[in-house]
>>> print(open('data_19.pdb').read())   # PDB, C-alpha atoms
ATOM      1  CA  MET A 222      18.966  -2.397 -15.499  1.00  0.00           C
ATOM      2  CA  THR A 223      17.872  -6.022 -15.845  1.00  0.00           C
ATOM      3  CA  PHE A 224      14.645  -7.771 -14.919  1.00  0.00           C
ATOM      4  CA  ASN A 225      13.993 -11.409 -14.168  1.00  0.00           C
ATOM      5  CA  THR A 226      10.525 -11.583 -15.739  1.00  0.00           C
ATOM      6  CA  GLU A 227       8.363  -9.618 -18.127  1.00  0.00           C
ATOM      7  CA  ASN A 228       5.825  -9.067 -15.310  1.00  0.00           C
ATOM      8  CA  GLU A 229       8.528  -7.583 -13.091  1.00  0.00           C
ATOM      9  CA  LYS A 230       9.695  -5.295 -15.880  1.00  0.00           C
ATOM     10  CA  ARG A 231       6.167  -4.056 -16.545  1.00  0.00           C
ATOM     11  CA  GLY A 232       5.409  -3.639 -12.862  1.00  0.00           C
ATOM     12  CA  VAL A 233       8.527  -1.647 -12.022  1.00  0.00           C
ATOM     13  CA  TRP A 234       7.994   0.799 -14.829  1.00  0.00           C
ATOM     14  CA  ALA A 235       4.303   1.092 -13.954  1.00  0.00           C
ATOM     15  CA  VAL A 236       5.354   2.363 -10.532  1.00  0.00           C
ATOM     16  CA  ALA A 237       8.135   4.541 -11.912  1.00  0.00           C
ATOM     17  CA  GLY A 238       5.828   5.976 -14.548  1.00  0.00           C
ATOM     18  CA  TRP A 239       3.777   7.817 -11.958  1.00  0.00           C
ATOM     19  CA  CYS A 240       6.499  10.479 -11.822  1.00  0.00           C
ATOM     20  CA  LEU A 241       5.985  11.574 -15.419  1.00  0.00           C
ATOM     21  CA  LEU A 242       2.215  11.240 -15.248  1.00  0.00           C
ATOM     22  CA  CYS A 243       1.837  13.273 -12.081  1.00  0.00           C
ATOM     23  CA  PHE A 244       4.252  16.066 -12.814  1.00  0.00           C
ATOM     24  CA  PHE A 245       3.285  16.553 -16.444  1.00  0.00           C
ATOM     25  CA  GLY A 246      -0.488  16.707 -16.197  1.00  0.00           C
ATOM     26  CA  CYS A 247      -1.972  13.262 -15.701  1.00  0.00           C
ATOM     27  CA  ASP A 248      -5.665  12.575 -16.097  1.00  0.00           C
ATOM     28  CA  SER A 249      -7.297  12.330 -12.674  1.00  0.00           C
ATOM     29  CA  GLY A 250      -9.833   9.841 -13.994  1.00  0.00           C
ATOM     30  CA  GLY A 251      -7.786   6.977 -12.591  1.00  0.00           C
ATOM     31  CA  THR A 252      -7.910   4.874 -15.749  1.00  0.00           C
ATOM     32  CA  SER A 253      -4.183   4.862 -16.517  1.00  0.00           C
ATOM     33  CA  GLN A 254      -2.431   4.983 -13.166  1.00  0.00           C
ATOM     34  CA  PRO A 255      -1.341   1.901 -11.239  1.00  0.00           C
ATOM     35  CA  VAL A 256      -0.504   3.933  -8.128  1.00  0.00           C
ATOM     36  CA  PRO A 257      -2.466   6.674  -6.307  1.00  0.00           C
ATOM     37  CA  THR A 258      -3.823   9.569  -8.321  1.00  0.00           C
ATOM     38  CA  SER A 259      -2.023  12.879  -8.818  1.00  0.00           C
ATOM     39  CA  VAL A 260      -1.469  15.296  -5.948  1.00  0.00           C
ATOM     40  CA  PRO A 261      -1.569  19.109  -5.751  1.00  0.00           C
ATOM     41  CA  THR A 262       1.660  21.048  -6.188  1.00  0.00           C
ATOM     42  CA  ALA A 263       1.553  22.004  -2.504  1.00  0.00           C
ATOM     43  CA  PRO A 264      -0.221  19.101  -0.755  1.00  0.00           C
ATOM     44  CA  SER A 265      -2.030  19.764   2.505  1.00  0.00           C
ATOM     45  CA  LEU A 266      -0.634  17.392   5.089  1.00  0.00           C
ATOM     46  CA  GLY A 267      -2.929  15.990   7.747  1.00  0.00           C
ATOM     47  CA  PRO A 268      -2.259  16.301  11.473  1.00  0.00           C
ATOM     48  CA  ALA A 269       0.370  13.967  12.869  1.00  0.00           C
ATOM     49  CA  ALA A 270      -0.915  10.885  14.622  1.00  0.00           C
ATOM     50  CA  ALA A 271       0.267   9.993  18.103  1.00  0.00           C
ATOM     51  CA  ASN A 272       3.601   8.239  18.049  1.00  0.00           C
ATOM     52  CA  ALA A 273       3.336   4.498  17.622  1.00  0.00           C
ATOM     53  CA  PRO A 274       5.337   2.140  19.866  1.00  0.00           C
ATOM     54  CA  GLU A 275       8.883   1.460  18.706  1.00  0.00           C
ATOM     55  CA  THR A 276       7.745  -1.963  17.528  1.00  0.00           C
ATOM     56  CA  PHE A 277       4.337  -3.573  17.188  1.00  0.00           C
ATOM     57  CA  ARG A 278       2.681  -6.350  15.235  1.00  0.00           C
ATOM     58  CA  VAL A 279      -0.508  -6.438  13.223  1.00  0.00           C
ATOM     59  CA  LYS A 280      -2.363  -9.603  12.281  1.00  0.00           C
ATOM     60  CA  PHE A 281      -4.196  -9.560   8.957  1.00  0.00           C
ATOM     61  CA  THR A 282      -6.971 -12.104   8.542  1.00  0.00           C
ATOM     62  CA  THR A 283      -7.678 -12.491   4.826  1.00  0.00           C
ATOM     63  CA  THR A 284      -9.744 -14.629   2.492  1.00  0.00           C
ATOM     64  CA  LYS A 285      -6.611 -16.750   1.920  1.00  0.00           C
ATOM     65  CA  GLY A 286      -5.457 -17.014   5.542  1.00  0.00           C
ATOM     66  CA  ASP A 287      -3.517 -14.969   8.092  1.00  0.00           C
ATOM     67  CA  PHE A 288      -0.264 -13.056   7.965  1.00  0.00           C
ATOM     68  CA  VAL A 289       1.515 -10.896  10.546  1.00  0.00           C
ATOM     69  CA  VAL A 290       3.372  -7.621   9.969  1.00  0.00           C
ATOM     70  CA  ALA A 291       6.123  -6.519  12.372  1.00  0.00           C
ATOM     71  CA  VAL A 292       6.477  -2.726  12.325  1.00  0.00           C
ATOM     72  CA  HIS A 293       9.726  -0.947  13.194  1.00  0.00           C
ATOM     73  CA  ARG A 294       9.077   2.714  13.858  1.00  0.00           C
ATOM     74  CA  ASP A 295      12.734   3.662  13.455  1.00  0.00           C
ATOM     75  CA  TRP A 296      12.577   2.497   9.824  1.00  0.00           C
ATOM     76  CA  ALA A 297       9.958   5.108   8.849  1.00  0.00           C
ATOM     77  CA  PRO A 298       8.321   6.961  11.773  1.00  0.00           C
ATOM     78  CA  ASN A 299       5.623   8.814   9.826  1.00  0.00           C
ATOM     79  CA  GLY A 300       4.642   5.666   7.973  1.00  0.00           C
ATOM     80  CA  ALA A 301       4.551   3.574  11.148  1.00  0.00           C
ATOM     81  CA  ASP A 302       2.427   6.159  12.958  1.00  0.00           C
ATOM     82  CA  ARG A 303      -0.091   6.415  10.103  1.00  0.00           C
ATOM     83  CA  PHE A 304      -0.274   2.627   9.707  1.00  0.00           C
ATOM     84  CA  ARG A 305      -1.085   2.185  13.396  1.00  0.00           C
ATOM     85  CA  GLU A 306      -3.660   4.979  13.208  1.00  0.00           C
ATOM     86  CA  LEU A 307      -5.396   3.322  10.255  1.00  0.00           C
ATOM     87  CA  VAL A 308      -5.355  -0.150  11.828  1.00  0.00           C
ATOM     88  CA  GLU A 309      -6.842   1.188  15.062  1.00  0.00           C
ATOM     89  CA  ALA A 310      -9.537   2.972  13.046  1.00  0.00           C
ATOM     90  CA  GLY A 311     -10.456  -0.309  11.308  1.00  0.00           C
ATOM     91  CA  TYR A 312      -9.650   1.212   7.938  1.00  0.00           C
ATOM     92  CA  TYR A 313      -8.126  -1.927   6.405  1.00  0.00           C
ATOM     93  CA  ASP A 314     -11.051  -4.175   7.387  1.00  0.00           C
ATOM     94  CA  GLY A 315     -12.787  -5.131   4.159  1.00  0.00           C
ATOM     95  CA  CYS A 316     -10.096  -3.793   1.815  1.00  0.00           C
ATOM     96  CA  LYS A 317      -9.427  -5.752  -1.386  1.00  0.00           C
ATOM     97  CA  PHE A 318      -5.989  -6.608  -2.773  1.00  0.00           C
ATOM     98  CA  PHE A 319      -6.685  -4.742  -6.014  1.00  0.00           C
ATOM     99  CA  ARG A 320      -3.252  -4.967  -7.621  1.00  0.00           C
ATOM    100  CA  ALA A 321      -1.220  -8.192  -7.470  1.00  0.00           C
ATOM    101  CA  VAL A 322       1.663  -8.650  -9.896  1.00  0.00           C
ATOM    102  CA  LYS A 323       3.488 -11.965  -9.835  1.00  0.00           C
ATOM    103  CA  GLY A 324       7.092 -11.594  -8.725  1.00  0.00           C
ATOM    104  CA  PHE A 325       6.677  -7.865  -8.035  1.00  0.00           C
ATOM    105  CA  MET A 326       4.201  -6.807  -5.341  1.00  0.00           C
ATOM    106  CA  VAL A 327       0.609  -6.800  -4.044  1.00  0.00           C
ATOM    107  CA  GLN A 328      -1.148  -3.499  -3.310  1.00  0.00           C
ATOM    108  CA  PHE A 329      -4.155  -2.628  -1.127  1.00  0.00           C
ATOM    109  CA  GLY A 330      -5.518   0.190   1.009  1.00  0.00           C
ATOM    110  CA  ILE A 331      -8.714   1.560  -0.558  1.00  0.00           C
ATOM    111  CA  ASN A 332     -11.607   0.770   1.755  1.00  0.00           C
ATOM    112  CA  GLY A 333     -14.821  -0.829   0.571  1.00  0.00           C
ATOM    113  CA  ASP A 334     -16.852   2.055   2.042  1.00  0.00           C
ATOM    114  CA  PRO A 335     -16.730   5.217  -0.139  1.00  0.00           C
ATOM    115  CA  ALA A 336     -17.572   7.442   2.850  1.00  0.00           C
ATOM    116  CA  LEU A 337     -14.492   6.190   4.682  1.00  0.00           C
ATOM    117  CA  ASN A 338     -12.342   6.779   1.606  1.00  0.00           C
ATOM    118  CA  GLU A 339     -13.599  10.347   1.396  1.00  0.00           C
ATOM    119  CA  LYS A 340     -12.356  10.942   4.926  1.00  0.00           C
ATOM    120  CA  TRP A 341      -8.847   9.576   4.368  1.00  0.00           C
ATOM    121  CA  ARG A 342      -7.870   9.922   0.701  1.00  0.00           C
ATOM    122  CA  GLU A 343      -6.588  13.517   1.027  1.00  0.00           C
ATOM    123  CA  ASN A 344      -5.131  13.089   4.527  1.00  0.00           C
ATOM    124  CA  ARG A 345      -1.464  12.951   3.556  1.00  0.00           C
ATOM    125  CA  ILE A 346       1.625  12.437   5.666  1.00  0.00           C
ATOM    126  CA  PRO A 347       5.173  13.766   5.161  1.00  0.00           C
ATOM    127  CA  ASP A 348       7.763  11.565   3.510  1.00  0.00           C
ATOM    128  CA  ASP A 349      10.214   9.469   5.502  1.00  0.00           C
ATOM    129  CA  PRO A 350      13.841   9.017   4.427  1.00  0.00           C
ATOM    130  CA  VAL A 351      14.351   5.567   2.921  1.00  0.00           C
ATOM    131  CA  GLN A 352      16.353   3.676   5.542  1.00  0.00           C
ATOM    132  CA  GLN A 353      15.489   0.078   4.616  1.00  0.00           C
ATOM    133  CA  SER A 354      15.333  -1.627   1.256  1.00  0.00           C
ATOM    134  CA  ASN A 355      12.232  -2.940  -0.517  1.00  0.00           C
ATOM    135  CA  LEU A 356      13.153  -6.592  -0.152  1.00  0.00           C
ATOM    136  CA  ARG A 357      10.815  -9.565  -0.266  1.00  0.00           C
ATOM    137  CA  GLY A 358       8.232  -9.383   2.520  1.00  0.00           C
ATOM    138  CA  ARG A 359       8.756  -5.690   3.316  1.00  0.00           C
ATOM    139  CA  ILE A 360       5.641  -3.489   3.521  1.00  0.00           C
ATOM    140  CA  THR A 361       5.664   0.074   2.214  1.00  0.00           C
ATOM    141  CA  PHE A 362       3.276   2.952   1.559  1.00  0.00           C
ATOM    142  CA  ALA A 363       2.458   3.634  -2.089  1.00  0.00           C
ATOM    143  CA  THR A 364       3.125   7.180  -3.203  1.00  0.00           C
ATOM    144  CA  SER A 365       2.231   9.398  -6.154  1.00  0.00           C
ATOM    145  CA  GLY A 366       4.846  12.080  -5.521  1.00  0.00           C
ATOM    146  CA  PRO A 367       6.412  14.021  -2.657  1.00  0.00           C
ATOM    147  CA  HIS A 368       4.447  13.974   0.618  1.00  0.00           C
ATOM    148  CA  SER A 369       1.503  12.117  -0.945  1.00  0.00           C
ATOM    149  CA  ARG A 370       1.183   8.996   1.223  1.00  0.00           C
ATOM    150  CA  THR A 371      -2.301   8.387   2.583  1.00  0.00           C
ATOM    151  CA  THR A 372      -3.635   4.825   3.028  1.00  0.00           C
ATOM    152  CA  GLN A 373      -2.350   2.571   0.250  1.00  0.00           C
ATOM    153  CA  LEU A 374       0.286  -0.063   0.957  1.00  0.00           C
ATOM    154  CA  PHE A 375       2.157  -2.712  -0.955  1.00  0.00           C
ATOM    155  CA  ILE A 376       4.027  -5.854   0.047  1.00  0.00           C
ATOM    156  CA  ASN A 377       7.084  -6.770  -1.987  1.00  0.00           C
ATOM    157  CA  TYR A 378       7.034 -10.215  -3.575  1.00  0.00           C
ATOM    158  CA  GLY A 379      10.707 -10.022  -4.542  1.00  0.00           C
ATOM    159  CA  ASP A 380      13.814  -7.877  -4.279  1.00  0.00           C
ATOM    160  CA  ASN A 381      12.518  -4.470  -5.381  1.00  0.00           C
ATOM    161  CA  SER A 382      15.472  -2.467  -4.091  1.00  0.00           C
ATOM    162  CA  ARG A 383      15.338  -0.399  -7.292  1.00  0.00           C
ATOM    163  CA  LEU A 384      12.291   1.311  -5.701  1.00  0.00           C
ATOM    164  CA  ASP A 385      14.394   2.661  -2.840  1.00  0.00           C
ATOM    165  CA  GLY A 386      15.712   5.540  -4.904  1.00  0.00           C
ATOM    166  CA  MET A 387      12.151   6.561  -5.830  1.00  0.00           C
ATOM    167  CA  GLY A 388      11.312   7.355  -2.199  1.00  0.00           C
ATOM    168  CA  PHE A 389       9.411   4.195  -1.222  1.00  0.00           C
ATOM    169  CA  ALA A 390      10.261   3.731   2.478  1.00  0.00           C
ATOM    170  CA  PRO A 391       9.457   0.344   4.081  1.00  0.00           C
ATOM    171  CA  PHE A 392       8.202   0.529   7.661  1.00  0.00           C
ATOM    172  CA  GLY A 393       7.768  -3.166   8.462  1.00  0.00           C
ATOM    173  CA  GLU A 394       7.988  -6.734   7.232  1.00  0.00           C
ATOM    174  CA  ILE A 395       5.977  -9.942   7.113  1.00  0.00           C
ATOM    175  CA  VAL A 396       7.148 -12.238   9.906  1.00  0.00           C
ATOM    176  CA  GLU A 397       4.419 -14.883   9.639  1.00  0.00           C
ATOM    177  CA  GLY A 398       2.317 -16.019   6.691  1.00  0.00           C
ATOM    178  CA  MET A 399       4.330 -14.851   3.688  1.00  0.00           C
ATOM    179  CA  ASP A 400       3.099 -18.019   2.000  1.00  0.00           C
ATOM    180  CA  VAL A 401      -0.438 -16.628   2.399  1.00  0.00           C
ATOM    181  CA  VAL A 402       0.624 -13.354   0.750  1.00  0.00           C
ATOM    182  CA  ASP A 403       2.124 -15.369  -2.128  1.00  0.00           C
ATOM    183  CA  GLN A 404      -1.241 -17.101  -2.659  1.00  0.00           C
ATOM    184  CA  LEU A 405      -3.344 -13.927  -3.012  1.00  0.00           C
ATOM    185  CA  ASN A 406      -5.194 -13.930  -6.326  1.00  0.00           C
ATOM    186  CA  GLN A 407      -2.988 -12.531  -9.083  1.00  0.00           C
ATOM    187  CA  GLU A 408      -5.179 -13.318 -12.092  1.00  0.00           C
ATOM    188  CA  TYR A 409      -6.208  -9.680 -12.650  1.00  0.00           C
ATOM    189  CA  ASP A 410      -2.629  -8.352 -12.470  1.00  0.00           C
ATOM    190  CA  GLU A 411      -2.602  -4.532 -12.973  1.00  0.00           C
ATOM    191  CA  GLU A 412      -6.129  -4.256 -14.375  1.00  0.00           C
ATOM    192  CA  PRO A 413      -8.165  -3.207 -11.277  1.00  0.00           C
ATOM    193  CA  SER A 414      -5.594  -0.561 -10.319  1.00  0.00           C
ATOM    194  CA  ARG A 415      -6.441   1.375 -13.490  1.00  0.00           C
ATOM    195  CA  TYR A 416      -9.785   2.282 -11.926  1.00  0.00           C
ATOM    196  CA  GLN A 417      -8.726   3.662  -8.586  1.00  0.00           C
ATOM    197  CA  ASP A 418     -11.108   6.610  -8.751  1.00  0.00           C
ATOM    198  CA  LYS A 419     -14.024   4.198  -9.214  1.00  0.00           C
ATOM    199  CA  ILE A 420     -12.793   2.081  -6.315  1.00  0.00           C
ATOM    200  CA  GLN A 421     -12.578   5.227  -4.173  1.00  0.00           C
ATOM    201  CA  SER A 422     -16.062   6.409  -5.107  1.00  0.00           C
ATOM    202  CA  GLU A 423     -17.913   3.075  -5.379  1.00  0.00           C
ATOM    203  CA  GLY A 424     -15.918   0.890  -3.000  1.00  0.00           C
ATOM    204  CA  ASN A 425     -16.205  -2.878  -3.009  1.00  0.00           C
ATOM    205  CA  ALA A 426     -19.473  -2.722  -4.939  1.00  0.00           C
ATOM    206  CA  PHE A 427     -17.430  -1.914  -8.046  1.00  0.00           C
ATOM    207  CA  LEU A 428     -14.670  -4.446  -7.380  1.00  0.00           C
ATOM    208  CA  GLU A 429     -17.021  -7.302  -6.543  1.00  0.00           C
ATOM    209  CA  GLN A 430     -18.922  -6.780  -9.774  1.00  0.00           C
ATOM    210  CA  ALA A 431     -15.930  -6.243 -12.061  1.00  0.00           C
ATOM    211  CA  TYR A 432     -13.335  -8.481 -10.373  1.00  0.00           C
ATOM    212  CA  PRO A 433     -15.279 -10.962  -8.250  1.00  0.00           C
ATOM    213  CA  ARG A 434     -12.363 -13.263  -7.423  1.00  0.00           C
ATOM    214  CA  LEU A 435     -10.136 -10.677  -5.772  1.00  0.00           C
ATOM    215  CA  ASP A 436      -8.927 -11.637  -2.323  1.00  0.00           C
ATOM    216  CA  GLY A 437      -9.499  -9.252   0.561  1.00  0.00           C
ATOM    217  CA  ILE A 438      -8.844  -8.441   4.199  1.00  0.00           C
ATOM    218  CA  VAL A 439     -11.395  -9.543   6.771  1.00  0.00           C
ATOM    219  CA  THR A 440      -9.752  -7.777   9.724  1.00  0.00           C
ATOM    220  CA  ALA A 441      -6.427  -6.135  10.597  1.00  0.00           C
ATOM    221  CA  LYS A 442      -5.716  -5.867  14.323  1.00  0.00           C
ATOM    222  CA  ILE A 443      -2.791  -4.984  16.571  1.00  0.00           C
ATOM    223  CA  VAL A 444      -1.728  -8.138  18.395  1.00  0.00           C
ATOM    224  CA  GLU A 445       1.505  -7.009  20.056  1.00  0.00           C
ATOM    225  CA  GLN A 446       3.228  -3.718  20.807  1.00  0.00           C
ATOM    226  CA  ASN A 447       6.434  -2.914  22.630  1.00  0.00           C
ATOM    227  CA  THR A 448       8.011   0.295  23.833  1.00  0.00           C
ATOM    228  CA  ALA A 449      11.556  -0.892  23.123  1.00  0.00           C
ATOM    229  CA  THR A 450      13.038  -1.971  19.819  1.00  0.00           C
ATOM    230  CA  GLU A 451      13.013  -5.732  19.347  1.00  0.00           C
TER
END
>>> encode(input="data_19.pdb", output="structure tokens")
Amino acid sequence: MTFNTENEKRGVWAVAGWCLLCFFGCDSGGTSQPVPTSVPTAPSLGPAAANAPETFRVKFTTTKGDFVVAVHRDWAPNGADRFRELVEAGYYDGCKFFRAVKGFMVQFGINGDPALNEKWRENRIPDDPVQQSNLRGRITFATSGPHSRTTQLFINYGDNSRLDGMGFAPFGEIVEGMDVVDQLNQEYDEEPSRYQDKIQSEGNAFLEQAYPRLDGIVTAKIVEQNTATE
């Protein structure tokens, strides 16, 4: 296995390392995990959301500008349904991009309101088979083990097809504004993601004090939805 940059090498193994941490007794304090915290042996899956349209688009307005995600439900139905549910609930409004690794990916999906996080953080969805590759611009749910997806997402900065075999199933792709995604602040790299429990419990109050230059989402709204595949 080869890597183009040291950042990419570190980032890939940070994601892969969750497997060992979660299945061999990781600390739930959130200080050493770059992806969501450990899950129970038999996770309790939340109720299924209503089926999303076969395709729809979501516009993200951020502190760096706008980008648009095109969702394809046939790529990952459970992921697409949950994403739509969260967007319609306003969950991503105010979220910070708390993990941005140059050449690898940018991660978000912990709300700035701790009460909202409490509602969603244990509401898991079943896995989807990986049908599309984690290529540049694809958007995917983060996972900490089987059937553990909840709210966190990442956008691939490069060709991360090596993640496909780990169960990361893309459900959409950036069709406008990838240059905006590229410009999101990457100065903190992995550092904020080591404190995910604090982000969950303290919200943006913690991030704005500890990492004041993080970029964030202003709003995420559905702008187009179709009943037939594009």
>>> atom_distance(input="data_19.pdb", atom1="CA of Lys317 in chain A", atom2="CA of Leu384 in chain A")
23.2 Å
>>> closest_residue(input="data_19.pdb", among="A:Thr440, A:Gln352, A:Thr372, A:Gln407", to="Gly393 in chain A", atoms="only C-alpha atoms")
A:Gln352
>>> atom_distance(input="data_19.pdb", atom1="CA of Pro367 in chain A", atom2="CA of Gly386 in chain A")
12.8 Å
>>> resolve_selection(input="data_19.pdb", expression="the PyMOL selection byres ((chain A and resi 391) around 8)", output="PyMOL selection string")
chain A and resi 296-297+351-355+359-362+389-390+392-394
>>> resolve_selection(input="data_19.pdb", expression="the PyMOL selection byres ((chain A and resi 428-436) around 9)", output="ChimeraX atom specification")
/A:283-285,316-319,333,405-409,413,419-420,423-427,437-438
>>> closest_residue(input="data_19.pdb", among="A:Ala363, A:Ala273, A:Ile376, A:Ala301", to="Val401 in chain A", atoms="all atoms listed in the file")
A:Ile376
>>> resolve_selection(input="data_19.pdb", expression="the PyMOL selection byres ((chain A and resi 306-308) around 10)", output="list in words")
Ala269, Ala270, Ala271, Asn272, Ala273, Val279, Lys280, Phe281, Gly300, Ala301, Asp302, Arg303, Phe304, Arg305, Glu309, Ala310, Gly311, Tyr312, Tyr313, Asp314, Gly330, Trp341, Thr371, Thr372, Thr440, Ala441, Lys442 and Ile443 of chain A
>>> atom_distance(input="data_19.pdb", atom1="CA of Thr276 in chain A", atom2="CA of Arg357 in chain A")
19.6 Å
>>> closest_residue(input="data_19.pdb", among="A:Leu374, A:Val402, A:Val439, A:Ile395", to="Arg278 in chain A", atoms="all atoms listed in the file")
A:Ile395
>>> closest_residue(input="data_19.pdb", among="A:Val396, A:Ser382, A:Gly315, A:Gln421", to="Gly358 in chain A", atoms="only C-alpha atoms")
A:Val396
>>> residues_around(input="data_19.pdb", residues="Met326 in chain A", least_positions_apart="2", cutoff="7 Å", atoms="only C-alpha atoms", output="list in words")
Ala321, Val322, Lys323, Gly324, Gln328, Phe375, Ile376, Asn377 and Tyr378 of chain A
>>> build_atoms(input="data_19.pdb", residues="range 385-403 of chain A", atoms="N, CA and C atoms", output="PDB file, in the frame of the given file")
ATOM      1  N   ASP A 385      13.891   1.865  -3.957  1.00  0.00           N
ATOM      2  CA  ASP A 385      14.394   2.661  -2.840  1.00  0.00           C
ATOM      3  C   ASP A 385      14.709   4.090  -3.273  1.00  0.00           C
ATOM      4  N   GLY A 386      15.328   4.225  -4.418  1.00  0.00           N
ATOM      5  CA  GLY A 386      15.712   5.540  -4.904  1.00  0.00           C
ATOM      6  C   GLY A 386      14.542   6.392  -5.357  1.00  0.00           C
ATOM      7  N   MET A 387      13.346   5.814  -5.454  1.00  0.00           N
ATOM      8  CA  MET A 387      12.151   6.561  -5.830  1.00  0.00           C
ATOM      9  C   MET A 387      11.411   7.102  -4.607  1.00  0.00           C
ATOM     10  N   GLY A 388      11.922   6.816  -3.410  1.00  0.00           N
ATOM     11  CA  GLY A 388      11.312   7.355  -2.199  1.00  0.00           C
ATOM     12  C   GLY A 388      10.352   6.429  -1.488  1.00  0.00           C
ATOM     13  N   PHE A 389      10.293   5.161  -1.871  1.00  0.00           N
ATOM     14  CA  PHE A 389       9.411   4.195  -1.222  1.00  0.00           C
ATOM     15  C   PHE A 389      10.108   3.660   0.029  1.00  0.00           C
ATOM     16  N   ALA A 390       9.592   4.020   1.208  1.00  0.00           N
ATOM     17  CA  ALA A 390      10.261   3.731   2.478  1.00  0.00           C
ATOM     18  C   ALA A 390       9.545   2.623   3.243  1.00  0.00           C
ATOM     19  N   PRO A 391      10.079   1.404   3.289  1.00  0.00           N
ATOM     20  CA  PRO A 391       9.457   0.344   4.081  1.00  0.00           C
ATOM     21  C   PRO A 391       9.407   0.708   5.562  1.00  0.00           C
ATOM     22  N   PHE A 392       8.328   0.283   6.223  1.00  0.00           N
ATOM     23  CA  PHE A 392       8.202   0.529   7.661  1.00  0.00           C
ATOM     24  C   PHE A 392       8.031  -0.762   8.453  1.00  0.00           C
ATOM     25  N   GLY A 393       7.954  -1.900   7.768  1.00  0.00           N
ATOM     26  CA  GLY A 393       7.768  -3.166   8.462  1.00  0.00           C
ATOM     27  C   GLY A 393       7.991  -4.330   7.514  1.00  0.00           C
ATOM     28  N   GLU A 394       7.763  -5.530   8.026  1.00  0.00           N
ATOM     29  CA  GLU A 394       7.988  -6.734   7.232  1.00  0.00           C
ATOM     30  C   GLU A 394       7.068  -7.852   7.701  1.00  0.00           C
ATOM     31  N   ILE A 395       6.783  -8.767   6.786  1.00  0.00           N
ATOM     32  CA  ILE A 395       5.977  -9.942   7.113  1.00  0.00           C
ATOM     33  C   ILE A 395       6.846 -10.914   7.902  1.00  0.00           C
ATOM     34  N   VAL A 396       6.393 -11.293   9.085  1.00  0.00           N
ATOM     35  CA  VAL A 396       7.148 -12.238   9.906  1.00  0.00           C
ATOM     36  C   VAL A 396       6.428 -13.579  10.043  1.00  0.00           C
ATOM     37  N   GLU A 397       5.174 -13.630   9.684  1.00  0.00           N
ATOM     38  CA  GLU A 397       4.419 -14.883   9.639  1.00  0.00           C
ATOM     39  C   GLU A 397       3.454 -14.813   8.459  1.00  0.00           C
ATOM     40  N   GLY A 398       3.337 -15.923   7.724  1.00  0.00           N
ATOM     41  CA  GLY A 398       2.317 -16.019   6.691  1.00  0.00           C
ATOM     42  C   GLY A 398       2.688 -15.447   5.339  1.00  0.00           C
ATOM     43  N   MET A 399       3.978 -15.343   5.024  1.00  0.00           N
ATOM     44  CA  MET A 399       4.330 -14.851   3.688  1.00  0.00           C
ATOM     45  C   MET A 399       3.812 -15.803   2.610  1.00  0.00           C
ATOM     46  N   ASP A 400       3.665 -17.078   2.955  1.00  0.00           N
ATOM     47  CA  ASP A 400       3.099 -18.019   2.000  1.00  0.00           C
ATOM     48  C   ASP A 400       1.647 -17.665   1.676  1.00  0.00           C
ATOM     49  N   VAL A 401       0.927 -17.088   2.645  1.00  0.00           N
ATOM     50  CA  VAL A 401      -0.438 -16.628   2.399  1.00  0.00           C
ATOM     51  C   VAL A 401      -0.422 -15.444   1.428  1.00  0.00           C
ATOM     52  N   VAL A 402       0.498 -14.510   1.651  1.00  0.00           N
ATOM     53  CA  VAL A 402       0.624 -13.354   0.750  1.00  0.00           C
ATOM     54  C   VAL A 402       0.927 -13.826  -0.667  1.00  0.00           C
ATOM     55  N   ASP A 403       1.781 -14.834  -0.806  1.00  0.00           N
ATOM     56  CA  ASP A 403       2.124 -15.369  -2.128  1.00  0.00           C
ATOM     57  C   ASP A 403       0.910 -15.954  -2.842  1.00  0.00           C
TER      58      ASP A 403
END
